[in-house]
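A.B. asks: Sharing a structure below in structure tokens format, with a few things to ask.
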Amino acid sequence: MYTALYRKYRSKTFDEIMGQDSIVKILKNQVKNGNISHAYLFSGTRGTGKTSCAKILARAINCLNENEGNPCNTCKSCEGILDGSLMDVVEMDAASNNGVDDIRELKEKVVYPPTSLKYKVYIIDEVHMLSKGAFNALLKILEEPPKHLVFILATTEPERIPTTILSRCQRFNFRRISRDTIIENLKKISQEEGKKCDEKIFKLIASKSDGAMRDALSLLDQVLAFGDDVSFEMALDILGMASEEELLKLAGAILQSDMTSAFNLLKQILYSGKDVITVFKDLIQVLRDILVYKSEGSEENLIYSYKKEDLDSFSSFGKEDILRAMTVLSEKSQDAKFSFDPRVVLELAIIEIISFEDVKKSLAKTETKTRGKEEKDEIFNKNQADILEPKTLEEQEPSQNELKEESEKEVESKKEEKISTTFEFDFKDFVEELDDTILKSLMGHIKSSDFSNNMINFYVENEFNLDMLKSSEKSLAQSLEVYMKRPIEFRISVRTPAKEEARAKLEELFGKEKLDIQ
């Protein structure tokens, strides 16, 4: 029967454990010096060597021919543990044995000394799955353990374990294994299996495994099953992954607001068998790499491997645009997990990103045109003034009486303007007279408006619409000034339908003029 690679190449000694050097050194020293604790807790992400290390430790402390802290794997004790014939080393899965009765039964057994070995060892995997009652029963054992008993607990979620258990264990945190270490191991195993693979395949698998050696070996197993000589394109097809080039093109089309190209690229990726959730994750990681490269200017901390010229092609995009795209994709990816059609959710995410970018570009173009027109008018007026004939000294310098009269008139004008603060604002008429099509489109998000305290209040239903309108405040202010024939203050805020209904009832009871609802 065929044995999976991750089982065939499971570490048999501490020296074969990869990426956990400090932990290995401590455990080897404890075995050599005979300083064995009654309880260990191995925590860390999946596939980093927790269970393998627990099994090696169980053999090492019972080995008859221990060698520098490593088990020999050839003595009677080691062979009995390896083939499962000795009952003094027990491996439990807390996910299926998580009840208080299971631990109470265990409590009755641990008091008896081992039959063949020096220590009786219990390896409890996924210990965080134990119930509250089971943890309490386990605590009783750990408080006063027999001298012959050793517990090795393994978990991916140490935060779910009670502190009373944690404080009675020696805790070792297993970290993710580096990409270079995984690539080196994959090459070694491929050679031992007599298979030839493209160098890029090892880098791809190392990137996708997220620091988990077991995941990397499982992916390599799939690739090697295809044949003796596997190309990079074949590996992508086998594993259902999109290449960095495809993902970069898709990211570029989205950031350039090229809807047609973005949807065509997405269609190609999905029709080649790629999973939608995986595309979500990969696209976010690619955007993350682009952002890191723009910030650091180095490829050292990137998840994937890219051509430098491909990364440099994103230099024209702002960091805030990339961050917004990542945020939208992250939020939508959560919705996609529970959607009956994840592809539609991904397409909606792309549309949302591109639509926002289009609005920003149009507003920027409108503001530039407006600013340019104002500058031209100012230059024209200045030139006209210079062309006119110079005035006489008397005309250039008005008398003190004239200055006083003008000052009084100006004060009176301001008083009249201040007094005349009540007027009607026709929102529908204002929108119809707008020349800016982008602003007119955005005004469609406003659900209601009113005028109070010399200020126009615009109300929208949600934060997204609020952000869209906030980005065009300058254009809105200019349009209002043209329409009202004077500068006017305004405010945009969120008001839910429930608030609208409450407002209407209050207006009916007390009258609109007595209300000042923000």
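Every chain in the structure tokens has a letter given in the order shown (A, B, ...), and although residue numbers restart at 1 in each chain, ligands are simply numbered from 1 in the order shown.
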Report the residues of range 137-291 of chain A whose backbone DSSP state falls under strand (DSSP E or B), written as a PDB file with C-alpha atoms, in the first residue's frame.
C.D. replies:
```
ATOM      1  CA  LEU A 149       3.776   9.732  34.191  1.00  0.00           C
ATOM      2  CA  VAL A 150       4.482  12.258  31.400  1.00  0.00           C
ATOM      3  CA  PHE A 151       1.797  14.237  29.571  1.00  0.00           C
ATOM      4  CA  ILE A 152       2.522  15.818  26.171  1.00  0.00           C
ATOM      5  CA  LEU A 153      -0.299  18.120  25.062  1.00  0.00           C
ATOM      6  CA  ALA A 154      -0.474  19.492  21.514  1.00  0.00           C
ATOM      7  CA  THR A 155      -2.739  22.300  20.282  1.00  0.00           C
ATOM      8  CA  GLN A 170       6.380  23.513  30.082  1.00  0.00           C
ATOM      9  CA  ARG A 171       5.200  25.414  27.029  1.00  0.00           C
ATOM     10  CA  PHE A 172       6.952  25.362  23.648  1.00  0.00           C
ATOM     11  CA  ASN A 173       5.705  27.532  20.768  1.00  0.00           C
ATOM     12  CA  PHE A 174       6.368  25.990  17.348  1.00  0.00           C
ATOM     13  CA  LYS A 196      12.435  15.747 -11.571  1.00  0.00           C
ATOM     14  CA  CYS A 197      10.595  19.030 -11.030  1.00  0.00           C
ATOM     15  CA  ASP A 229       9.163  15.190 -15.186  1.00  0.00           C
ATOM     16  CA  VAL A 230       6.650  17.895 -14.197  1.00  0.00           C
TER      17      VAL A 230
END
```
A.B. asks: Pick out the residues sitting within 7 Å of range 201-216 of chain A, and hand them over as a PyMOL selection string; count only C-alpha atoms, and ignore anything fewer than 5 positions along from it in its own chain.
C.D. replies: chain A and resi 6+46-48+176-179+182-183+186+232+235+303-304
A.B. asks: Give me a file of those residues, with N, CA and C atoms, as a PDB file, in the first residue's frame.
C.D. replies:
```pdb
ATOM      1  N   TYR A   6       4.153  12.749   3.570  1.00  0.00           N
ATOM      2  CA  TYR A   6       4.300  13.362   4.893  1.00  0.00           C
ATOM      3  C   TYR A   6       4.415  12.304   5.988  1.00  0.00           C
ATOM      4  N   ARG A  46      -0.594  24.408  12.239  1.00  0.00           N
ATOM      5  CA  ARG A  46      -0.570  23.036  11.744  1.00  0.00           C
ATOM      6  C   ARG A  46       0.717  22.753  10.952  1.00  0.00           C
ATOM      7  N   GLY A  47       1.121  21.489  10.971  1.00  0.00           N
ATOM      8  CA  GLY A  47       2.220  21.048  10.121  1.00  0.00           C
ATOM      9  C   GLY A  47       3.593  21.579  10.466  1.00  0.00           C
ATOM     10  N   THR A  48       3.814  21.959  11.733  1.00  0.00           N
ATOM     11  CA  THR A  48       5.125  22.508  12.116  1.00  0.00           C
ATOM     12  C   THR A  48       5.947  21.531  12.957  1.00  0.00           C
ATOM     13  N   ARG A 176       6.198  28.956  12.386  1.00  0.00           N
ATOM     14  CA  ARG A 176       6.103  28.549  10.979  1.00  0.00           C
ATOM     15  C   ARG A 176       7.501  28.310  10.411  1.00  0.00           C
ATOM     16  N   ILE A 177       7.606  27.334   9.539  1.00  0.00           N
ATOM     17  CA  ILE A 177       8.888  26.976   8.939  1.00  0.00           C
ATOM     18  C   ILE A 177       9.158  27.913   7.764  1.00  0.00           C
ATOM     19  N   SER A 178      10.392  28.376   7.626  1.00  0.00           N
ATOM     20  CA  SER A 178      10.741  29.341   6.584  1.00  0.00           C
ATOM     21  C   SER A 178      10.624  28.728   5.189  1.00  0.00           C
ATOM     22  N   ARG A 179      10.415  29.593   4.195  1.00  0.00           N
ATOM     23  CA  ARG A 179      10.287  29.140   2.801  1.00  0.00           C
ATOM     24  C   ARG A 179      11.542  28.419   2.326  1.00  0.00           C
ATOM     25  N   ILE A 182      11.670  24.884   3.681  1.00  0.00           N
ATOM     26  CA  ILE A 182      10.698  24.020   3.003  1.00  0.00           C
ATOM     27  C   ILE A 182      11.194  23.659   1.607  1.00  0.00           C
ATOM     28  N   ILE A 183      11.700  24.652   0.859  1.00  0.00           N
ATOM     29  CA  ILE A 183      12.194  24.405  -0.506  1.00  0.00           C
ATOM     30  C   ILE A 183      13.337  23.390  -0.489  1.00  0.00           C
ATOM     31  N   LEU A 186      11.909  19.921   0.125  1.00  0.00           N
ATOM     32  CA  LEU A 186      11.169  19.423  -1.038  1.00  0.00           C
ATOM     33  C   LEU A 186      12.127  18.914  -2.120  1.00  0.00           C
ATOM     34  N   PHE A 232       6.265  23.599 -14.653  1.00  0.00           N
ATOM     35  CA  PHE A 232       5.588  24.564 -13.775  1.00  0.00           C
ATOM     36  C   PHE A 232       4.128  24.732 -14.181  1.00  0.00           C
ATOM     37  N   ALA A 235       2.123  21.848 -12.950  1.00  0.00           N
ATOM     38  CA  ALA A 235       1.907  21.927 -11.502  1.00  0.00           C
ATOM     39  C   ALA A 235       0.776  22.894 -11.163  1.00  0.00           C
ATOM     40  N   ILE A 303       5.706  37.491  -0.640  1.00  0.00           N
ATOM     41  CA  ILE A 303       5.214  36.107  -0.537  1.00  0.00           C
ATOM     42  C   ILE A 303       5.564  35.331  -1.797  1.00  0.00           C
ATOM     43  N   TYR A 304       5.340  35.942  -2.967  1.00  0.00           N
ATOM     44  CA  TYR A 304       5.599  35.285  -4.246  1.00  0.00           C
ATOM     45  C   TYR A 304       6.892  35.807  -4.868  1.00  0.00           C
TER      46      TYR A 304
END
```
A.B. asks: Need the shell around range 260-272 of chain A: protein/DNA/RNA residues with any atom at most 6 Å away, counting only C-alpha atoms. Skip same-chain ones fewer than 3 positions apart. Format as a list in words?
C.D. replies: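 The residues satisfying every condition are Leu250, Ala253 and Ile254 of chain A.
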A.B. asks: What gap, in Å, lies between CA of Gly444 in chain A and CA of Ala349 in chain A?
C.D. replies: 21.3 Å
A.B. asks: Kindly give the distance, in Å, that separates CA of Met455 in chain A and CA of Ile438 in chain A, rounded to a single decimal.
C.D. replies: 23.5 Å
A.B. asks: Could you tell me which of A:Ile446, A:Phe280, A:Glu159, A:Asp289 comes closest to Asn301 in chain A if we count only C-alpha atoms?
C.D. replies: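 Checking each of A:Ile446, A:Phe280, A:Glu159, A:Asp289 against Asn301 in chain A, counting only C-alpha atoms, the winner is A:Asp289.
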A.B. asks: Mind checking which residues fall within 8 Å of Met468 in chain A, counting only C-alpha atoms, ignoring those fewer than 3 positions away in the same chain, and posting them as a VMD selection string?
C.D. replies: chain A and resid 356 442 464 to 465 471 to 472
A.B. asks: Please list as a list in words every residue within 12 Å of Tyr112 in chain A, counting only C-alpha atoms and excluding residues in the same chain fewer than 3 positions away.
C.D. replies: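 Returned residues: Asp88, Leu106, Lys107, Glu108, Lys109, Thr115, Tyr119, Lys120, Pro145, Pro146, Lys147, His148 and Leu149 of chain A.
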A.B. asks: Given only C-alpha atoms as the basis, pick out the residue of A:Ile61, A:Leu239, A:Leu255, A:Leu311 nearest to Asp275 in chain A.
C.D. replies: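 Under the stated criterion, the closest residue is A:Leu239.
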A.B. asks: Do you have the CA of Met259 in chain A-CA of Val431 in chain A distance handy?
C.D. replies: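 Answer for the CA of Met259 in chain A to CA of Val431 in chain A separation: 28.3 Å.
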A.B. asks: Using only C-alpha atoms, find the one residue out of A:Glu309, A:Glu184, A:Asp93, A:Asp282 that sits nearest to His128 in chain A.
C.D. replies: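 Ranked by minimum distance to His128 in chain A, first place goes to A:Asp93.
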